[in-house]
Each structure stands twice: as structure tokens, then as C-alpha cells.
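Listing of coords-v8.txt; format and content: compact mmCIF, C-alpha atoms.
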# COMPACT_ATOMS: atom_id res chain seq x y z
CA MET A 1076 -4.59 3.06 65.62
CA LEU A 1077 -2.45 3.70 68.65
CA ASN A 1078 1.13 2.98 67.67
CA CYS A 1079 2.60 2.27 64.23
CA GLU A 1080 6.22 1.32 63.79
CA LEU A 1081 7.98 0.84 60.47
CA ARG A 1082 10.49 -2.02 60.54
CA PRO A 1083 12.94 -3.48 58.02
CA GLY A 1084 11.56 -6.48 56.18
CA SER A 1085 14.45 -8.68 57.31
CA GLN A 1086 13.84 -8.03 61.03
CA HIS A 1087 12.17 -10.78 63.07
CA SER A 1088 8.79 -9.70 64.39
CA ASN A 1089 9.68 -10.61 67.99
CA LYS A 1090 12.77 -8.40 68.06
CA ASP A 1091 12.14 -5.54 70.53
CA ALA A 1092 8.52 -6.74 70.76
CA LEU A 1093 8.52 -6.56 74.57
CA GLU A 1094 9.53 -2.90 74.56
CA PHE A 1095 6.95 -2.15 71.86
CA ILE A 1096 4.18 -3.80 73.92
CA ARG A 1097 5.22 -1.83 76.99
CA GLN A 1098 5.11 1.38 74.97
CA CYS A 1099 1.62 0.58 73.64
CA LEU A 1100 0.28 -0.21 77.12
CA ASP A 1101 1.80 2.99 78.52
CA MET A 1102 0.13 4.99 75.74
CA ALA A 1103 -3.22 3.34 76.44
CA LYS A 1104 -2.85 4.15 80.14
CA MET A 1105 -2.06 7.79 79.34
CA LEU A 1106 -5.29 7.95 77.33
CA GLY A 1107 -7.24 6.81 80.37
CA VAL A 1108 -7.92 3.29 79.14
CA ASN A 1109 -8.29 0.68 81.86
CA LEU A 1110 -5.65 -1.97 81.11
CA LYS A 1111 -7.96 -4.68 82.42
CA THR A 1112 -10.29 -4.01 79.49
CA ILE A 1113 -7.56 -4.65 76.89
CA LEU A 1114 -7.16 -7.97 75.08
CA VAL A 1115 -3.74 -8.62 73.54
CA ARG A 1116 -3.70 -11.11 70.65
CA LEU A 1117 -0.31 -12.29 69.38
CA ASP A 1118 0.74 -14.97 66.92
CA SER A 1119 3.20 -17.80 67.55
CA ALA A 1120 6.22 -15.60 66.78
CA HIS A 1121 5.63 -13.93 70.16
CA ASP A 1122 5.43 -17.12 72.24
CA ASP A 1123 7.85 -15.61 74.75
CA VAL A 1124 7.78 -16.09 78.51
CA LYS A 1125 8.99 -12.51 79.09
CA ILE A 1126 6.01 -11.11 77.18
CA ILE A 1127 3.61 -13.35 79.12
CA GLU A 1128 5.11 -12.28 82.46
CA GLU A 1129 4.86 -8.60 81.49
CA LEU A 1130 1.18 -8.94 80.52
CA LEU A 1131 0.40 -10.83 83.74
CA LYS A 1132 2.18 -8.17 85.81
CA ARG A 1133 0.08 -5.43 84.21
CA GLY A 1134 -3.18 -7.35 84.56
CA VAL A 1135 -3.84 -7.45 80.82
CA SER A 1136 -5.88 -10.24 79.23
CA PHE A 1137 -4.11 -11.99 76.38
CA ILE A 1138 -4.33 -14.81 73.82
CA ILE A 1139 -0.98 -15.87 72.40
CA LYS A 1140 -0.70 -18.67 69.88
CA ARG A 1141 1.78 -21.28 71.10
CA ASN A 1142 4.75 -22.39 69.07
CA LEU A 1143 4.53 -26.19 69.06
CA ARG A 1144 8.22 -26.51 68.18
CA LYS A 1145 9.01 -30.26 68.55
CA GLU A 1146 5.82 -31.26 70.36
CA CYS A 1147 4.18 -34.42 69.07
CA LYS A 1148 0.79 -33.89 67.41
CA GLU A 1149 -0.30 -37.43 68.27
CA GLN A 1150 0.13 -36.68 71.99
CA TRP A 1151 -2.09 -33.64 71.63
CA LEU A 1152 -4.64 -35.76 69.82
CA SER A 1153 -4.58 -38.31 72.63
CA LEU A 1154 -5.05 -35.53 75.22
CA ALA A 1155 -7.87 -33.98 73.17
CA ARG A 1156 -9.70 -37.30 72.96
CA ARG A 1157 -9.53 -37.65 76.75
CA VAL A 1158 -10.44 -34.17 77.99
CA GLY A 1159 -11.57 -32.26 74.90
CA GLU A 1160 -15.06 -31.51 73.68
CA PRO A 1161 -15.64 -33.13 70.25
CA LYS A 1162 -17.56 -31.57 67.41
CA LYS A 1163 -18.16 -33.03 63.93
CA PRO A 1164 -18.64 -30.25 61.35
CA ARG A 1165 -18.78 -32.85 58.56
CA ARG A 1166 -18.30 -36.56 57.94
CA GLY A 1167 -14.75 -37.70 58.61
CA LYS A 1168 -13.71 -34.54 60.44
CA THR A 1169 -13.65 -34.12 64.23
CA VAL A 1170 -12.61 -30.95 66.07
CA PHE A 1171 -11.65 -31.23 69.74
CA THR A 1172 -11.46 -28.11 71.94
CA GLY A 1173 -10.48 -27.83 75.56
CA GLU A 1174 -7.95 -26.58 78.09
CA ALA A 1175 -4.84 -28.00 79.71
CA SER A 1176 -3.51 -26.50 82.94
CA HIS A 1177 -0.54 -28.81 83.49
CA ILE A 1178 1.63 -27.42 80.68
CA PRO A 1179 4.20 -24.86 81.92
CA VAL A 1180 5.28 -21.82 79.94
CA ALA A 1181 8.84 -22.38 78.69
CA GLY A 1182 9.51 -24.66 81.64
CA ARG A 1183 8.48 -22.07 84.28
CA GLU A 1184 6.03 -23.42 86.82
CA GLY A 1185 3.55 -21.32 88.75
CA LEU A 1186 2.34 -18.94 86.03
CA PRO A 1187 -1.51 -18.76 86.04
CA VAL A 1188 -1.81 -19.52 82.34
CA PHE A 1189 -3.92 -22.13 80.56
CA ALA A 1190 -3.11 -23.84 77.29
CA THR A 1191 -6.27 -23.79 75.19
CA PHE A 1192 -6.18 -26.27 72.33
CA GLU A 1193 -8.01 -26.96 69.09
CA VAL A 1194 -7.12 -30.32 67.60
CA THR A 1195 -8.59 -31.31 64.23
CA GLU A 1196 -8.56 -34.94 63.08
CA ARG A 1197 -9.43 -35.57 59.43
CA GLU A 1198 -10.10 -39.13 58.29
CA ILE A 1199 -11.75 -37.93 55.07
CA ASP A 1200 -10.56 -34.85 53.20
CA LYS A 1201 -12.87 -32.09 51.95
CA HIS A 1202 -13.17 -33.80 48.56
CA GLY A 1203 -14.55 -37.03 50.13
CA GLN A 1204 -11.32 -39.00 49.74
CA ASP A 1205 -10.62 -41.45 52.60
CA LEU A 1206 -7.18 -40.95 54.15
CA LEU A 1207 -5.00 -43.96 54.91
CA ILE A 1208 -3.36 -42.03 57.78
CA PRO A 1209 -5.56 -39.43 59.51
CA ASP A 1210 -4.41 -35.83 59.14
CA VAL A 1211 -3.93 -34.10 62.50
CA GLU A 1212 -3.87 -30.31 62.87
CA VAL A 1213 -3.05 -28.76 66.26
CA ASN A 1214 -3.54 -25.14 67.33
CA THR A 1215 -2.78 -24.19 70.93
CA PHE A 1216 -2.94 -20.84 72.71
CA TRP A 1217 -1.69 -19.34 75.97
CA THR A 1218 -4.42 -17.36 77.70
CA ASN A 1219 -5.47 -16.06 81.09
CA LEU A 1220 -9.12 -15.59 80.10
CA PRO A 1221 -11.68 -17.48 82.20
CA ASP A 1222 -13.88 -18.19 79.16
CA GLU A 1223 -14.41 -21.61 77.66
CA ALA A 1224 -12.13 -22.89 74.92
CA ARG A 1225 -14.43 -22.19 71.97
CA THR A 1226 -14.83 -18.57 73.04
CA VAL A 1227 -11.07 -18.09 73.39
CA ILE A 1228 -10.42 -19.58 69.95
CA GLU A 1229 -13.13 -17.43 68.38
CA LEU A 1230 -11.67 -14.31 70.00
CA TYR A 1231 -8.26 -15.14 68.58
CA HIS A 1232 -9.63 -15.66 65.07
CA ASN A 1233 -11.41 -12.30 65.28
CA HIS A 1234 -8.05 -10.55 64.98
CA GLY A 1235 -8.60 -10.92 61.23
CA THR A 1236 -11.42 -8.37 61.54
CA SER A 1237 -8.99 -5.87 63.08
CA GLU A 1238 -6.59 -6.44 60.20
CA GLN A 1239 -9.41 -5.59 57.79
CA TYR A 1240 -9.81 -2.23 59.54
CA HIS A 1241 -6.09 -1.57 59.25
CA SER A 1242 -6.06 -2.53 55.57
CA GLU A 1243 -8.15 0.58 54.89
CA MET A 1244 -5.03 2.66 55.45
CA LYS A 1245 -3.37 0.93 52.49
CA SER A 1246 -6.38 0.81 50.18
CA ASP A 1247 -8.48 3.89 51.02
CA LEU A 1248 -5.56 6.22 51.88
CA SER A 1249 -3.48 4.95 48.92
CA PHE A 1250 -0.62 4.03 51.25
CA GLU A 1251 0.00 0.61 49.76
CA ARG A 1252 3.51 1.48 48.63
CA MET A 1253 6.03 3.60 50.48
CA PRO A 1254 6.68 6.75 48.43
CA SER A 1255 10.29 7.40 49.44
CA GLY A 1256 13.54 5.49 49.12
CA LYS A 1257 14.66 6.61 52.58
CA PHE A 1258 13.60 4.61 55.64
CA ALA A 1259 13.33 7.63 57.97
CA THR A 1260 11.06 9.48 55.53
CA ASN A 1261 8.74 6.49 55.16
CA SER A 1262 8.63 6.08 58.95
CA LEU A 1263 7.48 9.71 59.31
CA LEU A 1264 4.87 9.30 56.56
CA LEU A 1265 3.52 6.18 58.30
CA VAL A 1266 2.93 8.19 61.48
CA LEU A 1267 1.17 10.93 59.48
CA ALA A 1268 -0.99 8.30 57.77
CA MET A 1269 -1.90 6.90 61.18
CA LEU A 1270 -3.05 10.37 62.33
CA ALA A 1271 -5.14 10.76 59.16
CA PHE A 1272 -6.59 7.27 59.71
CA ASN A 1273 -7.64 8.13 63.27
CA ALA A 1274 -9.08 11.52 62.28
CA LEU A 1275 -11.21 10.00 59.51
CA ARG A 1276 -12.34 7.15 61.76
CA ILE A 1277 -13.45 9.62 64.45
CA LEU A 1278 -15.33 11.72 61.90
CA GLY A 1279 -17.07 8.68 60.46
CA GLN A 1280 -18.12 7.28 63.83
CA SER A 1281 -19.29 10.68 65.08
CA ALA A 1282 -21.33 11.24 61.93
CA LEU A 1283 -23.18 7.95 62.40
CA LYS A 1284 -24.48 9.24 65.75
CA MET A 1285 -26.12 12.24 64.05
CA LYS A 1286 -29.09 10.24 62.79
CA GLU A 1287 -31.38 13.24 62.32
CA ALA A 1288 -28.83 15.17 60.25
CA LEU A 1289 -27.75 12.28 58.01
CA PRO A 1290 -29.13 12.49 54.46
CA ARG A 1291 -30.00 8.78 54.56
CA LYS A 1292 -30.09 5.89 57.00
CA PHE A 1293 -27.07 3.66 57.50
CA LYS A 1294 -27.46 0.13 58.84
CA VAL A 1295 -23.78 -0.20 59.73
CA GLN A 1296 -21.63 0.26 62.82
CA ARG A 1297 -18.74 1.87 61.00
CA ARG A 1298 -18.04 3.47 57.63
CA ARG A 1299 -15.02 2.93 55.42
CA LEU A 1300 -12.50 5.73 55.24
CA ARG A 1301 -13.15 6.11 51.51
CA SER A 1302 -16.83 6.78 52.18
CA VAL A 1303 -15.99 9.35 54.86
CA MET A 1304 -13.66 11.18 52.49
CA GLN A 1305 -16.18 11.19 49.65
CA ASP A 1306 -19.01 12.52 51.85
CA LEU A 1307 -17.22 14.92 54.21
CA ILE A 1308 -13.72 15.70 52.90
CA TYR A 1309 -14.44 16.03 49.18
CA ILE A 1310 -17.64 17.99 49.86
CA ALA A 1311 -18.17 20.74 47.28
CA CYS A 1312 -17.71 24.28 48.59
CA LYS A 1313 -16.23 27.64 47.64
CA ARG A 1314 -13.54 29.41 49.65
CA THR A 1315 -14.08 33.17 49.75
CA ARG A 1316 -12.36 36.05 51.51
CA HIS A 1317 -14.36 39.09 52.67
CA SER A 1318 -13.59 41.84 55.20
CA GLY A 1319 -10.41 40.12 56.33
CA SER A 1320 -12.21 36.84 57.03
CA ILE A 1321 -12.28 33.53 55.17
CA PHE A 1322 -15.59 31.78 54.52
CA LEU A 1323 -16.66 28.45 53.06
CA LYS A 1324 -19.77 28.65 50.90
CA PHE A 1325 -21.74 25.45 50.35
CA GLY A 1326 -24.48 24.69 47.87
CA ARG A 1327 -28.03 25.40 48.92
CA HIS A 1328 -29.00 21.74 48.53
CA CYS A 1329 -25.80 20.17 49.89
CA PRO A 1330 -27.01 16.92 51.58
CA TRP A 1331 -24.06 16.63 53.99
CA PHE A 1332 -23.93 20.28 55.09
CA ASP A 1333 -25.70 19.77 58.44
CA VAL A 1334 -23.38 16.91 59.34
CA PHE A 1335 -20.30 18.89 58.25
CA ARG A 1336 -21.41 21.91 60.31
CA GLN A 1337 -21.97 19.83 63.46
CA LEU A 1338 -18.63 18.06 63.08
CA HIS A 1339 -16.88 21.39 62.50
CA ALA A 1340 -18.44 22.81 65.67
CA MET A 1341 -17.52 19.69 67.59
CA TYR A 1342 -13.84 19.40 66.68
CA CYS A 1343 -12.73 22.80 65.36
Representation of the structure as C-alpha cells:
Amino acid sequence: MLNCELRPGSQHSNKDALEFIRQCLDMAKMLGVNLKTILVRLDSAHDDVKIIEELLKRGVSFIIKRNLRKECKEQWLSLARRVGEPKKPRRGKTVFTGEASHIPVAGREGLPVFATFEVTEREIDKHGQDLLIPDVEVNTFWTNLPDEARTVIELYHNHGTSEQYHSEMKSDLSFERMPSGKFATNSLLLVLAMLAFNALRILGQSALKMKEALPRKFKVQRRRLRSVMQDLIYIACKRTRHSGSIFLKFGRHCPWFDVFRQLHAMYC
């Protein structure tokens, strides 16, 4: 996690979003991250021409879900039938994907942005019932990626995986409910939880690279924060003081001692 901000529940998500995005990109640049390797994924609440112009100016790749507003779904279906690539996942359901380059962003011409679309036409519902009037579902996205439409749509849907990572802060760190009645206190605690999240994530990923020291093999690319805490934070030891020094004594058969020692030497 790079930047967490606690906001009132009544505040619209796009309020001060441009400044927040600028702050996140500045932080990433300070960490030495190449901005051209970043992919920004935003939902339809952030369909804002100012955000798109800022991302284009910084050379950042992005996928932003479009807000259809008063656009006609039947017109999108007609366009999808002409230029889209059809796919039939089941009987009575057709999914068209493709790109449209003639649609301007908020009426501003000249921006190098494509409108990737996914139009779903259902003539039979999932229960096998024929529909008198076909059901049309339209999802469109602003993007500057050169990839084909299916890849762009898949990349956007993958943001759900990122949200699963972030949910570990609520579940594994027991931060599901804010502990204080004061907004400023909860904002501070959120930042501290973010630091704990990052520290545990680094420890877990570093431990996976120590294949010879691990007590067993792991066929995963990451470990949950709860597992990291159980194996490395809650490890049994005894704190002793001798000759003005403090020592940690571990059990003779502690399975995670070698990993703990290497991580301690690496980060402490």
C-alpha cells in the first residue's frame, strides 16, 4: 500500500481525486518507480477529463470505466455489431468487444484515448427463459493501452484481485471497524495499519525466497498476513537480560528460527 486516506462516508469519491492521484504518482516517483510501468484503474465515478489529461501528461497507462450518462445502449449495440468481435459464451447470449476511436472525451477532440467497449446482448436469460425484448448491457472504458479489447477488459476486472489483497488489512489485522469516535484519531490509525500491512507483506514475500530455510514447501506467490503473523510474529521465544544486553531465546526445535534469523539480519 502506498497511500491511504480516510474520508467521510458522505463525500463523493471524485472530490479531490485529482490531487490524490498526483500525490500517489509523486510518491511512486520518489520511490524510484518508473511511471510508465504503472497502470491506473478507476471506476466510472472518476470519468473526468482533468484526470485523463493529467495521466496522459505524466505518461501513465490507465483504464477508466466510462460513465454512459444519457448514451443510448441500442446505439452501442449497433456499433458493436458492426465493428465488434462477437463471442457466444452460451445459447442466447452474445458478447461483443472492440474499440472506438471517434468518441471524444467530454467533448474535447485530439486526446489520444480509445473507448474500449463490451456490449452484452441477452435473448435468453440464464434460466433458459426467452426474452421478448433482448436485454442489453454496455460497459465502456477509456484507455491509452495498445492492447486488444479483451485484454483491456480483463485487466480492468483484475482490480478485484487487488481489492482482495487490501481486504487482508480489515480481516487479518482486525481493522474492520474504526476503534475511535474521532476522525483524526482513526485517520492516524489507518496510516499505522498501512505501515504494518507493508511490513508484514515484505516479510512474507522475503521469506518465500528463502526456500532452503523454510520448514516446508509453499506453492504460492504470496502469503496472507495472518499466516505471516502466526509463523514469524507469534513465534515462541523468551526475552532475557544478561550483562546489560537483551537476548531472545528460541526453542531448540523451532521450525521457523532460520527464517526469523535471516529476516532479522536483513532488516534490523
Excluding A:Lys1292 and any residue of its chain fewer than 6 positions from it, enumerate the residues within 12 Å of it, using only C-alpha atoms, and give them as a ChimeraX atom specification. /A:1282-1286
Which neighbours of stretch 1306-1314 of chain A fall inside 9 Å, counting all atoms listed in the file, when residues of the same chain fewer than 3 positions from it are skipped, and could you give them as a ChimeraX atom specification? /A:1278-1279,1301-1303,1321-1326,1329,1331-1332,1334-1335
Store the residues picked out above in a file with C-alpha atoms, as a JSON list (two decimals), in the frame of the given file.
[["chain", "number", "residue", "atom", "x", "y", "z"],
["A", 1278, "LEU", "CA", -15.33, 11.72, 61.90],
["A", 1279, "GLY", "CA", -17.07, 8.68, 60.46],
["A", 1301, "ARG", "CA", -13.15, 6.11, 51.51],
["A", 1302, "SER", "CA", -16.83, 6.78, 52.18],
["A", 1303, "VAL", "CA", -15.99, 9.35, 54.86],
["A", 1321, "ILE", "CA", -12.28, 33.53, 55.17],
["A", 1322, "PHE", "CA", -15.59, 31.78, 54.52],
["A", 1323, "LEU", "CA", -16.66, 28.45, 53.06],
["A", 1324, "LYS", "CA", -19.77, 28.65, 50.90],
["A", 1325, "PHE", "CA", -21.74, 25.45, 50.35],
["A", 1326, "GLY", "CA", -24.48, 24.69, 47.87],
["A", 1329, "CYS", "CA", -25.80, 20.17, 49.89],
["A", 1331, "TRP", "CA", -24.06, 16.63, 53.99],
["A", 1332, "PHE", "CA", -23.93, 20.28, 55.09],
["A", 1334, "VAL", "CA", -23.38, 16.91, 59.34],
["A", 1335, "PHE", "CA", -20.30, 18.89, 58.25]]
Excluding A:Lys1140 and its own-chain neighbours fewer than 4 positions away, which residues fall within 7 Å of it when counting all atoms listed in the file? Please give them as a list of chain:residue names. A:Leu1117, A:Asp1118, A:Ser1119, A:Asp1122, A:Thr1215, A:Phe1216, A:Trp1217
Could you name the residues that touch A:Ser1136 at 12 Å or less, counting all atoms listed in the file, but leaving out those on the same chain fewer than 6 positions away, as an NGL selection string? :A and (1100 or 1109-1117 or 1127-1130 or 1187-1188 or 1217-1222 or 1227 or 1230-1231)
Nearby residues, (8.1, -13.2, 71.0) file frame, 10 Å, all atoms listed in the file, as a count of residues only: 20
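The protein and nucleic acid residues lying at most 12 Å from stretch 1203-1205 of chain A are Arg1165, Arg1166, Gly1167, Lys1168, Arg1197, Glu1198 and Asp1210 of chain A, with only C-alpha atoms considered and sequence neighbours fewer than 5 positions away removed.
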Using all atoms listed in the file, which of A:Asp1247, A:Phe1192, A:Ser1255, A:Asn1261 sits nearest A:Leu1275?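 Among the listed residues, the smallest separation from A:Leu1275 belongs to A:Asp1247.
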When you draw a straight line from atom CA of A:Ala1155 to atom CA of A:Glu1193, how long is it in Å?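 So the two atoms, atom CA of A:Ala1155 and atom CA of A:Glu1193, lie 8.1 Å apart.
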Among listed residues A:Arg1298, A:Arg1144, A:Lys1132, A:His1241, nearest A:Leu1186 (using all atoms listed in the file):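 Among A:Arg1298, A:Arg1144, A:Lys1132, A:His1241, it is A:Lys1132 that comes nearest to A:Leu1186.
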Return the single residue from A:Met1076, A:Phe1137, A:Glu1196, A:Val1213 that is closest to A:Met1102, with distances computed using all atoms listed in the file.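 Checking each of A:Met1076, A:Phe1137, A:Glu1196, A:Val1213 against A:Met1102, counting all atoms listed in the file, the winner is A:Met1076.
Minimum distance to A:Glu1160 across A:Val1211, A:Ala1224, A:Ala1103, A:Leu1206 (counting all atoms listed in the file) occurs at A:Ala1224.
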